[in-house]
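Heads up, entry.cif below (mmCIF, C-alpha atoms and all ligand atoms):
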```cif
data_coords
loop_
_atom_site.label_atom_id
_atom_site.label_comp_id
_atom_site.auth_asym_id
_atom_site.auth_seq_id
_atom_site.Cartn_x
_atom_site.Cartn_y
_atom_site.Cartn_z
CA MET H 1 109.98 -42.12 203.57
CA ARG H 2 106.83 -40.75 205.06
CA PHE H 3 108.39 -37.32 205.02
CA LEU H 4 109.24 -37.67 201.34
CA CYS H 5 105.63 -38.62 200.61
CA VAL H 6 104.39 -35.56 202.40
CA VAL H 7 106.84 -33.34 200.52
CA LEU H 8 105.92 -34.82 197.14
CA THR H 9 102.20 -34.47 197.84
CA PHE H 10 102.79 -30.90 198.87
CA LEU H 11 104.75 -30.19 195.69
CA ALA H 12 102.04 -31.87 193.61
CA ILE H 13 99.41 -29.67 195.25
CA VAL H 14 101.49 -26.53 194.70
CA LEU H 15 102.14 -27.46 191.04
CA SER H 16 98.50 -28.16 190.29
CA ILE H 17 97.44 -24.87 191.94
CA PHE H 18 100.08 -23.06 189.90
CA LEU H 19 99.03 -24.75 186.63
CA GLY H 20 95.36 -24.26 187.42
CA PHE H 21 95.97 -20.62 188.13
CA GLY H 22 97.94 -20.33 184.87
CA MET H 23 95.06 -21.81 182.89
CA TYR H 24 92.69 -19.58 184.75
CA ASN H 25 94.90 -16.64 183.77
CA ASP H 26 94.99 -17.76 180.09
CA SER H 27 91.24 -17.99 179.89
CA LYS H 28 91.00 -14.58 181.55
CA ASP H 29 93.34 -13.19 178.88
CA ILE H 30 91.32 -14.77 176.09
CA GLU H 31 88.15 -13.33 177.56
CA ARG H 32 89.78 -9.93 177.76
CA PHE H 33 91.11 -10.13 174.23
CA GLU H 34 87.71 -11.19 172.96
CA LYS H 35 86.15 -8.24 174.68
CA GLU H 36 88.74 -5.88 173.23
CA ALA H 37 88.27 -7.37 169.76
CA ALA H 38 84.52 -6.81 170.07
CA VAL H 39 85.14 -3.18 171.02
CA PHE H 40 87.54 -2.75 168.07
CA GLU H 41 85.02 -4.36 165.74
CA GLU H 42 82.32 -2.04 167.01
CA GLN H 43 84.61 0.97 166.56
CA SER H 44 85.68 0.03 163.05
CA GLU H 45 82.01 -0.45 162.18
CA LEU H 46 81.42 3.13 163.34
CA TYR H 47 84.42 4.36 161.36
CA ARG H 48 83.19 2.55 158.24
CA ALA H 49 79.78 4.19 158.62
CA GLU H 50 81.48 7.55 159.10
CA ILE H 51 83.65 6.99 156.00
CA ASN H 52 80.57 6.02 154.00
CA GLU H 53 78.89 9.21 155.15
CA ILE H 54 81.91 11.44 154.49
CA THR H 55 82.93 10.07 151.06
CA PRO H 56 80.03 11.57 149.07
CA LYS H 57 80.49 14.83 150.98
CA ILE H 58 84.15 14.91 149.95
CA SER H 59 83.32 14.34 146.29
CA ALA H 60 80.56 16.98 146.45
CA LEU H 61 83.05 19.41 147.98
CA SER H 62 85.72 18.68 145.39
CA GLU H 63 83.12 19.23 142.66
CA GLU H 64 82.23 22.53 144.33
CA LYS H 65 85.92 23.40 144.54
CA ALA H 66 86.37 22.67 140.83
CA SER H 67 83.41 24.83 139.84
CA LEU H 68 84.57 27.67 142.12
CA GLN H 69 88.05 27.39 140.62
CA ALA H 70 86.53 27.63 137.13
CA GLU H 71 84.63 30.73 138.23
CA ILE H 72 87.80 32.28 139.66
CA ASP H 73 89.66 31.52 136.42
CA ALA H 74 86.84 33.07 134.40
CA ILE H 75 86.85 36.21 136.56
CA LYS H 76 90.63 36.44 136.20
CA ARG H 77 90.30 36.12 132.43
CA ARG H 78 87.64 38.84 132.28
CA ILE H 79 89.18 41.25 134.77
CA ILE H 80 92.05 41.77 132.33
CA TYR H 81 89.72 43.79 130.10
CA LYS H 82 89.19 46.39 132.83
CA THR H 83 92.69 47.62 132.11
CA GLN H 84 93.63 46.04 128.79
CA PRO H 85 91.64 47.43 125.82
CA THR H 86 90.75 44.51 123.57
CA ALA H 87 88.85 44.05 120.32
CA PHE H 88 87.21 40.83 119.20
CA LEU H 89 86.73 40.71 115.43
CA THR H 90 83.70 38.53 114.69
CA PHE H 91 82.47 37.45 111.27
CA ASP H 92 78.91 36.15 110.82
CA ASP H 93 77.07 34.29 108.08
CA GLY H 94 80.03 32.63 106.29
CA THR H 95 81.69 30.78 104.95
CA SER H 96 82.36 31.69 101.32
CA TYR H 97 85.21 32.90 99.10
CA HIS H 98 84.98 36.18 101.06
CA THR H 99 86.02 34.25 104.16
CA LEU H 100 89.22 33.19 102.39
CA GLU H 101 90.03 36.85 101.71
CA ILE H 102 89.22 37.75 105.34
CA LEU H 103 91.54 34.94 106.47
CA ASP H 104 94.33 36.29 104.22
CA ILE H 105 94.03 39.76 105.74
CA LEU H 106 93.97 38.40 109.29
CA LYS H 107 97.04 36.30 108.50
CA GLU H 108 98.96 39.31 107.16
CA ASN H 109 98.15 41.17 110.38
CA ASN H 110 98.77 38.18 112.63
CA ILE H 111 95.30 38.53 114.19
CA LYS H 112 92.84 35.76 115.11
CA GLY H 113 89.11 36.17 114.58
CA THR H 114 85.89 34.44 115.61
CA PHE H 115 83.69 33.03 112.83
CA PHE H 116 79.97 32.36 113.42
CA VAL H 117 79.19 30.14 110.48
CA VAL H 118 75.99 29.12 108.70
CA GLY H 119 75.36 25.57 107.48
CA THR H 120 73.63 26.37 104.20
CA GLN H 121 76.50 28.71 103.27
CA ILE H 122 79.02 25.97 103.92
CA GLU H 123 77.04 23.35 102.00
CA ASN H 124 76.17 25.58 99.03
CA GLY H 125 79.36 27.60 98.82
CA GLY H 126 81.42 25.00 96.99
CA THR H 127 85.08 24.32 97.65
CA ALA H 128 85.81 27.88 98.88
CA SER H 129 83.37 27.52 101.78
CA LYS H 130 84.81 24.17 102.81
CA GLU H 131 88.39 25.37 102.39
CA ALA H 132 87.52 28.36 104.62
CA ILE H 133 86.27 26.09 107.43
CA LYS H 134 89.49 24.10 107.21
CA ARG H 135 91.62 27.26 107.29
CA ILE H 136 89.68 28.81 110.21
CA VAL H 137 90.65 25.81 112.31
CA GLU H 138 94.17 25.29 110.98
CA GLU H 139 95.13 28.95 111.31
CA GLY H 140 94.04 29.16 114.94
CA HIS H 141 90.81 31.14 114.67
CA VAL H 142 87.65 30.28 116.59
CA LEU H 143 84.96 28.36 114.76
CA ALA H 144 81.60 29.22 116.32
CA ILE H 145 77.97 28.31 115.68
CA HIS H 146 75.41 30.66 114.12
CA ALA H 147 72.75 28.44 112.50
CA TYR H 148 72.25 25.81 109.85
CA GLU H 149 69.50 27.80 108.15
CA HIS H 150 69.55 31.54 108.82
CA GLU H 151 65.74 31.66 108.64
CA TYR H 152 64.05 33.45 111.52
CA ASN H 153 60.58 32.16 110.58
CA LYS H 154 61.85 28.59 110.82
CA ILE H 155 64.29 28.42 113.72
CA TYR H 156 62.29 30.68 116.06
CA THR H 157 58.96 28.86 115.68
CA SER H 158 59.67 26.52 118.64
CA LYS H 159 62.43 25.23 120.87
CA GLU H 160 62.32 21.94 118.95
CA ALA H 161 62.68 23.75 115.60
CA TYR H 162 65.64 25.73 116.92
CA PHE H 163 67.47 22.64 118.17
CA GLU H 164 66.71 20.64 115.05
CA ASP H 165 68.56 23.36 113.15
CA PHE H 166 71.25 23.74 115.82
CA ASP H 167 72.03 20.02 115.97
CA LYS H 168 72.40 20.01 112.19
CA ILE H 169 75.08 22.72 112.10
CA ALA H 170 76.83 21.23 115.16
CA ALA H 171 76.93 17.82 113.44
CA LEU H 172 78.18 19.34 110.16
CA LEU H 173 81.06 21.15 111.90
CA LYS H 174 81.92 18.05 113.92
CA GLU H 175 82.00 16.00 110.73
CA MET H 176 84.15 18.54 108.89
CA THR H 177 86.62 19.41 111.65
CA GLY H 178 86.22 16.89 114.47
CA LEU H 179 85.50 19.86 116.75
CA THR H 180 82.48 20.72 118.89
CA PRO H 181 82.38 24.55 118.88
CA LYS H 182 80.97 25.90 122.16
CA ILE H 183 80.47 29.57 121.31
CA VAL H 184 77.06 30.42 119.85
CA ARG H 185 75.54 33.57 118.37
CA LEU H 186 71.79 33.51 117.76
CA PRO H 187 70.81 34.73 114.28
CA SER H 188 70.00 38.47 114.64
CA GLY H 189 71.26 38.48 118.26
CA THR H 190 69.46 37.78 121.52
CA TYR H 191 67.27 40.89 121.58
CA SER H 192 65.78 40.32 118.12
CA ALA H 193 65.68 36.57 118.68
CA ARG H 194 63.33 37.12 121.62
CA SER H 195 61.08 39.30 119.42
CA PHE H 196 61.14 36.67 116.68
CA CYS H 197 60.10 34.03 119.22
CA GLU H 198 57.18 36.23 120.25
CA ARG H 199 56.21 36.65 116.61
CA TYR H 200 56.76 33.12 115.27
CA ALA H 201 56.34 30.95 118.39
CA GLY H 202 53.73 33.13 120.06
CA SER H 203 55.78 33.65 123.23
CA SER H 204 59.10 35.02 124.44
CA ASP H 205 59.20 31.95 126.71
CA VAL H 206 60.52 30.01 123.72
CA TYR H 207 63.51 32.35 123.57
CA TYR H 208 64.36 31.64 127.23
CA ASP H 209 63.78 27.91 126.68
CA ILE H 210 66.29 27.99 123.83
CA VAL H 211 68.97 29.94 125.68
CA SER H 212 68.65 28.02 128.96
CA GLU H 213 68.87 24.75 127.02
CA LEU H 214 72.01 25.99 125.24
CA TYR H 215 73.58 26.77 128.60
CA ALA H 216 72.42 23.43 130.05
CA ARG H 217 74.23 21.78 127.13
CA GLY H 218 77.42 23.69 127.94
CA TYR H 219 77.34 26.41 125.27
CA THR H 220 78.03 30.14 125.72
CA VAL H 221 75.87 32.66 123.85
CA ILE H 222 77.61 35.89 122.80
CA ASP H 223 76.24 38.93 120.93
CA TRP H 224 78.26 42.02 119.98
CA ASN H 225 78.63 45.54 121.35
CA VAL H 226 79.90 47.26 118.21
CA ASP H 227 77.88 47.04 114.99
CA THR H 228 79.66 47.92 111.75
CA GLU H 229 76.32 47.68 109.86
CA ASP H 230 78.08 45.82 107.08
CA TYR H 231 75.01 43.60 106.58
CA THR H 232 73.78 46.03 103.93
CA THR H 233 75.71 47.38 100.94
CA ALA H 234 74.06 50.74 101.70
CA THR H 235 76.58 51.27 104.52
CA GLY H 236 79.67 51.30 102.30
CA VAL H 237 83.33 50.64 103.07
CA THR H 238 84.14 54.00 104.72
CA ASN H 239 81.19 53.81 107.08
CA ILE H 240 81.99 50.21 108.02
CA ILE H 241 85.44 51.39 109.12
CA ASN H 242 84.02 54.45 110.91
CA ASN H 243 81.33 52.40 112.68
CA ALA H 244 83.91 49.87 113.86
CA VAL H 245 86.45 52.40 115.09
CA SER H 246 84.02 54.87 116.69
CA GLY H 247 82.13 51.97 118.28
CA ALA H 248 85.34 50.47 119.67
CA LYS H 249 86.33 53.91 121.00
CA THR H 250 83.15 54.16 123.08
CA ARG H 251 84.12 50.90 124.80
CA LEU H 252 87.36 52.46 126.11
CA SER H 253 85.42 54.51 128.69
CA ARG H 254 83.45 51.47 129.90
CA GLU H 255 84.25 49.28 132.90
CA TYR H 256 85.35 46.51 130.54
CA LYS H 257 87.36 47.93 127.65
CA ALA H 258 86.26 45.16 125.33
CA ALA H 259 84.80 45.70 121.86
CA VAL H 260 83.05 42.75 120.25
CA ILE H 261 82.84 43.96 116.67
CA LEU H 262 80.10 42.53 114.46
CA MET H 263 81.02 42.02 110.83
CA HIS H 264 79.67 39.80 108.07
CA ASP H 265 80.95 37.68 105.24
CA THR H 266 80.59 40.36 102.56
CA ALA H 267 82.65 41.97 99.78
CA ASP H 268 82.57 45.38 101.49
CA THR H 269 83.77 43.85 104.76
CA VAL H 270 86.78 42.41 102.93
CA LYS H 271 87.52 45.90 101.57
CA ALA H 272 87.04 47.56 104.97
CA LEU H 273 88.86 45.04 107.14
CA GLN H 274 92.38 46.48 106.93
CA GLY H 275 90.99 49.93 107.77
CA VAL H 276 89.08 48.47 110.71
CA ILE H 277 92.22 46.74 112.02
CA ASP H 278 94.38 49.85 111.63
CA GLY H 279 91.79 52.14 113.25
CA VAL H 280 91.21 49.83 116.20
CA LYS H 281 94.95 49.33 116.66
CA ASP H 282 95.38 53.13 116.74
CA LEU H 283 93.02 53.17 119.74
CA GLY H 284 95.61 51.07 121.57
CA MET H 285 93.51 47.91 121.46
CA GLY H 286 94.80 44.38 121.12
CA PHE H 287 92.90 41.56 119.40
CA GLU H 288 91.56 38.35 120.87
CA VAL H 289 89.08 35.59 120.10
CA LEU H 290 85.86 34.75 121.98
CA VAL H 291 86.27 31.76 124.27
CA GLN H 292 84.28 30.06 127.01
CA GLY H 293 84.87 31.70 130.36
CA GLY H 294 86.21 34.78 128.59
CA TYR H 295 84.55 38.10 127.77
CA VAL H 296 80.82 37.82 127.09
CA THR H 297 78.44 40.51 125.89
CA ARG H 298 74.74 39.91 125.44
CA GLN H 299 71.82 42.23 124.73
CA ILE H 300 69.68 40.05 127.01
CA ALA H 301 71.83 39.21 129.99
CA GLU H 302 69.58 36.53 131.54
CA THR H 303 70.07 32.96 130.47
CA GLU H 304 66.91 31.84 132.31
CA LYS H 305 63.40 33.26 132.15
CA PRO H 306 63.44 36.18 134.63
ZN ZN H 401 73.62 36.24 110.96
#
```
I'd like the structure from this file rewritten - as structure tokens, please.
Amino acid sequence: MRFLCVVLTFLAIVLSIFLGFGMYNDSKDIERFEKEAAVFEEQSELYRAEINEITPKISALSEEKASLQAEIDAIKRRIIYKTQPTAFLTFDDGTSYHTLEILDILKENNIKGTFFVVGTQIENGGTASKEAIKRIVEEGHVLAIHAYEHEYNKIYTSKEAYFEDFDKIAALLKEMTGLTPKIVRLPSGTYSARSFCERYAGSSDVYYDIVSELYARGYTVIDWNVDTEDYTTATGVTNIINNAVSGAKTRLSREYKAAVILMHDTADTVKALQGVIDGVKDLGMGFEVLVQGGYVTRQIAETEKP
């Protein structure tokens, strides 16, 4: 009996030590887990901070990548003209019933043109002018902005005056076609526009203000590099053709074999157009339209004040 008591006491002692040790072990584990959790928490806090820091960098880089890609695409589009002779037929100062005749000729030849239109012409030209705008878009030509009022002594008096006029033609074209044309040609071209700004606004700074604002708004300004001189009836049909073809020919020996041919919305231009097309085709040139990121020619290359 006494022996049994001793044995039981001994077992009780052993059991309690074992249980106590087990509990001790459990609390050790909990302590360890808590420590580990704290370390994980600290680490994930660091990762979160790192993610927060990296995220804007990633979006800045992907923006940079997109703009570089756009530049690469633009270079690819332009580089073509180093080997592929191309003419861009451009028609300023429309639209009118002449534009409809120009469109007919282009259609017969399966050629697309670029039309730099004038607001007052569209508004005062009756149904023909409005029909022409509709056809330019429907038949796959490029509708481009020239001015609402083709008045140098109004639009070149200040940046505000220019954009008051510009916004008016942009709104008119948007209303008529639903489009926002992005190609712009300044009335009389960039070189003369700068002179007009000196004369009417008192400073060439106004010219640079206008052009840099156009670019800031996402527009592309394009002049011409072949002048047919069809703005005056003194030139005559034969000379319009000769000016276009000989001018285009000079572009073939340039780095970029691209001829941006300036024509106007006139009766003589209508008469000369088939001759221009045939002559330019004989030079081995194809025809394209002016687009953003494509071929650009400008008398004043800078888009910011130098
Ligand atoms: Zn013009």
Next item on the list: Within 10 Å of Glu255 in chain H, counting all atoms listed in the file, which residues show up once you throw out same-chain ones fewer than 5 positions away? Write them as a list in words, please.
Entry: Ile79, Tyr81, Lys82 and Thr83 of chain H
Item checked: Near-Val142 in chain H list (7 Å; all atoms listed in the file; drop same-chain fewer than 5 positions) as a list in words ->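 Near Val142 in chain H, the qualifying residues are Gly113, Thr114, Phe115, Ile136, Val137 and Val289 of chain H.
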Next item on the list: For each of H:Val211, H:Val184, H:Cys197, H:Ala248, take the minimum atom-to-atom distance to ligand ZN 401 (chain H), counting all atoms listed in the file, then give the residue where this is smallest.
Entry: H:Val184
Margin query: So the first atom is CA of Arg194 in chain H and the second is CA of Thr250 in chain H; what is the distance between them in Å, to one decimal place?
Written below: 26.2 Å
Item checked: Distance filter 9 Å around ligand ZN 401 (chain H), atoms: all atoms listed in the file, out as a VMD selection string -> chain H and resid 91 to 94 116 to 118 146 to 147 150 185 to 189 231 264
Notebook entry, point to check: For Leu143 in chain H, which residue among H:Val291, H:Leu106, H:Ala193, H:Gln43 is the nearest when counting all atoms listed in the file?
Noted result: H:Val291
Notebook entry, point to check: What is the CA of Ser158 in chain H-CA of Leu214 in chain H distance in Å, reported with one decimal?
Noted result: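 CA of Leu214 in chain H lies 14.0 Å from CA of Ser158 in chain H.
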Next item on the list: Tell me which protein, DNA and RNA residues are within 10 Å of Lys168 in chain H, counting only C-alpha atoms, leaving out same-chain ones fewer than 5 positions away, and put them as a PyMOL selection string.
Entry: chain H and resi 119+147-149+163+173-174
Check: What does the distance between CA of Met285 in chain H and CA of Thr90 in chain H come to in Å, to one decimal place?
Finding: 15.2 Å
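Proximity to Phe88 in chain H was assessed for H:Val280, H:Ala272, H:Ala144, H:Val260 counting all atoms listed in the file; the smallest distance is recorded for H:Val260.
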Check: Which is closer to Thr238 in chain H than all the others in H:Ile30, H:Ala259, H:Leu273, H:Ala38, using all atoms listed in the file?
Finding: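 Comparing H:Ile30, H:Ala259, H:Leu273, H:Ala38 against Thr238 in chain H, the winner is H:Leu273.
Among the candidates H:Ile261, H:Leu172, H:Gly293, H:Glu160, the residue lying nearest to Asp73 in chain H is H:Gly293 (atoms considered: all atoms listed in the file).
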Margin query: Under the rule that all atoms listed in the file are counted, which of H:Glu42, H:Glu139, H:Ile75, H:Ser253 is the nearest residue to Asn110 in chain H?
Written below: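 Using all atoms listed in the file, the shortest distance to Asn110 in chain H belongs to H:Glu139.
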First collect every listed atom of range 28-41 of chain H; then fit an axis-aligned box around them, widen it by 5 Å on each side, and give centre and edge lengths in Å to one decimal, as lines of an AutoDock Vina configuration file.
```
center_x = 88.9
center_y = -8.8
center_z = 173.6
size_x = 18.8
size_y = 22.0
size_z = 25.8
```
Note to self: Quick one: residues within 7 Å of Asp227 in chain H, only C-alpha atoms, excluding same-chain residues fewer than 2 positions away - as an MDAnalysis selection string?
What the structure shows: chainID H and resid 225 229 243:244 261:262
Provide range 229-287 of chain H of the preceding structure as a file containing C-alpha atoms, as a PDB file, in the first residue's frame.
```pdb
ATOM      1  CA  GLU H 229       1.251  79.780-107.756  1.00  0.00           C
ATOM      2  CA  ASP H 230      -2.375  79.127-108.608  1.00  0.00           C
ATOM      3  CA  TYR H 231      -3.473  81.837-106.151  1.00  0.00           C
ATOM      4  CA  THR H 232      -3.447  84.334-109.023  1.00  0.00           C
ATOM      5  CA  THR H 233      -5.128  83.987-112.420  1.00  0.00           C
ATOM      6  CA  ALA H 234      -1.963  85.563-113.878  1.00  0.00           C
ATOM      7  CA  THR H 235      -0.214  82.187-113.556  1.00  0.00           C
ATOM      8  CA  GLY H 236      -2.498  80.309-115.957  1.00  0.00           C
ATOM      9  CA  VAL H 237      -3.263  76.612-116.337  1.00  0.00           C
ATOM     10  CA  THR H 238      -0.052  75.594-118.166  1.00  0.00           C
ATOM     11  CA  ASN H 239       2.194  77.265-115.617  1.00  0.00           C
ATOM     12  CA  ILE H 240       0.279  75.724-112.719  1.00  0.00           C
ATOM     13  CA  ILE H 241       1.028  72.296-114.191  1.00  0.00           C
ATOM     14  CA  ASN H 242       4.660  73.196-114.916  1.00  0.00           C
ATOM     15  CA  ASN H 243       5.192  74.647-111.427  1.00  0.00           C
ATOM     16  CA  ALA H 244       3.729  71.533-109.814  1.00  0.00           C
ATOM     17  CA  VAL H 245       5.685  69.031-111.893  1.00  0.00           C
ATOM     18  CA  SER H 246       9.036  70.851-111.922  1.00  0.00           C
ATOM     19  CA  GLY H 247       8.686  71.564-108.202  1.00  0.00           C
ATOM     20  CA  ALA H 248       7.911  67.915-107.447  1.00  0.00           C
ATOM     21  CA  LYS H 249      10.901  66.873-109.584  1.00  0.00           C
ATOM     22  CA  THR H 250      13.301  68.920-107.443  1.00  0.00           C
ATOM     23  CA  ARG H 251      12.121  66.937-104.397  1.00  0.00           C
ATOM     24  CA  LEU H 252      13.322  63.657-105.960  1.00  0.00           C
ATOM     25  CA  SER H 253      16.967  64.586-105.299  1.00  0.00           C
ATOM     26  CA  ARG H 254      16.274  65.508-101.657  1.00  0.00           C
ATOM     27  CA  GLU H 255      16.754  63.283 -98.621  1.00  0.00           C
ATOM     28  CA  TYR H 256      12.982  62.939 -98.313  1.00  0.00           C
ATOM     29  CA  LYS H 257      11.400  62.481-101.733  1.00  0.00           C
ATOM     30  CA  ALA H 258       8.175  64.111-100.625  1.00  0.00           C
ATOM     31  CA  ALA H 259       6.422  66.929-102.482  1.00  0.00           C
ATOM     32  CA  VAL H 260       3.735  68.820-100.597  1.00  0.00           C
ATOM     33  CA  ILE H 261       2.056  70.638-103.468  1.00  0.00           C
ATOM     34  CA  LEU H 262       0.188  73.854-102.688  1.00  0.00           C
ATOM     35  CA  MET H 263      -2.945  74.466-104.715  1.00  0.00           C
ATOM     36  CA  HIS H 264      -6.049  76.563-104.177  1.00  0.00           C
ATOM     37  CA  ASP H 265      -9.764  76.328-104.681  1.00  0.00           C
ATOM     38  CA  THR H 266      -9.797  78.081-108.064  1.00  0.00           C
ATOM     39  CA  ALA H 267     -11.190  77.559-111.574  1.00  0.00           C
ATOM     40  CA  ASP H 268      -7.693  77.324-113.091  1.00  0.00           C
ATOM     41  CA  THR H 269      -6.683  74.716-110.519  1.00  0.00           C
ATOM     42  CA  VAL H 270      -9.645  72.580-111.585  1.00  0.00           C
ATOM     43  CA  LYS H 271      -8.473  72.887-115.206  1.00  0.00           C
ATOM     44  CA  ALA H 272      -4.843  72.117-114.311  1.00  0.00           C
ATOM     45  CA  LEU H 273      -5.415  69.272-111.864  1.00  0.00           C
ATOM     46  CA  GLN H 274      -5.443  66.353-114.314  1.00  0.00           C
ATOM     47  CA  GLY H 275      -2.223  67.665-115.880  1.00  0.00           C
ATOM     48  CA  VAL H 276      -0.652  67.999-112.435  1.00  0.00           C
ATOM     49  CA  ILE H 277      -1.627  64.425-111.537  1.00  0.00           C
ATOM     50  CA  ASP H 278      -0.344  63.005-114.829  1.00  0.00           C
ATOM     51  CA  GLY H 279       2.938  64.937-114.660  1.00  0.00           C
ATOM     52  CA  VAL H 280       3.630  63.978-111.063  1.00  0.00           C
ATOM     53  CA  LYS H 281       2.741  60.342-111.777  1.00  0.00           C
ATOM     54  CA  ASP H 282       5.212  60.376-114.687  1.00  0.00           C
ATOM     55  CA  LEU H 283       7.932  61.265-112.158  1.00  0.00           C
ATOM     56  CA  GLY H 284       7.218  57.931-110.492  1.00  0.00           C
ATOM     57  CA  MET H 285       5.540  59.491-107.471  1.00  0.00           C
ATOM     58  CA  GLY H 286       2.648  58.052-105.523  1.00  0.00           C
ATOM     59  CA  PHE H 287       0.004  60.141-103.738  1.00  0.00           C
TER      60      PHE H 287
END
```
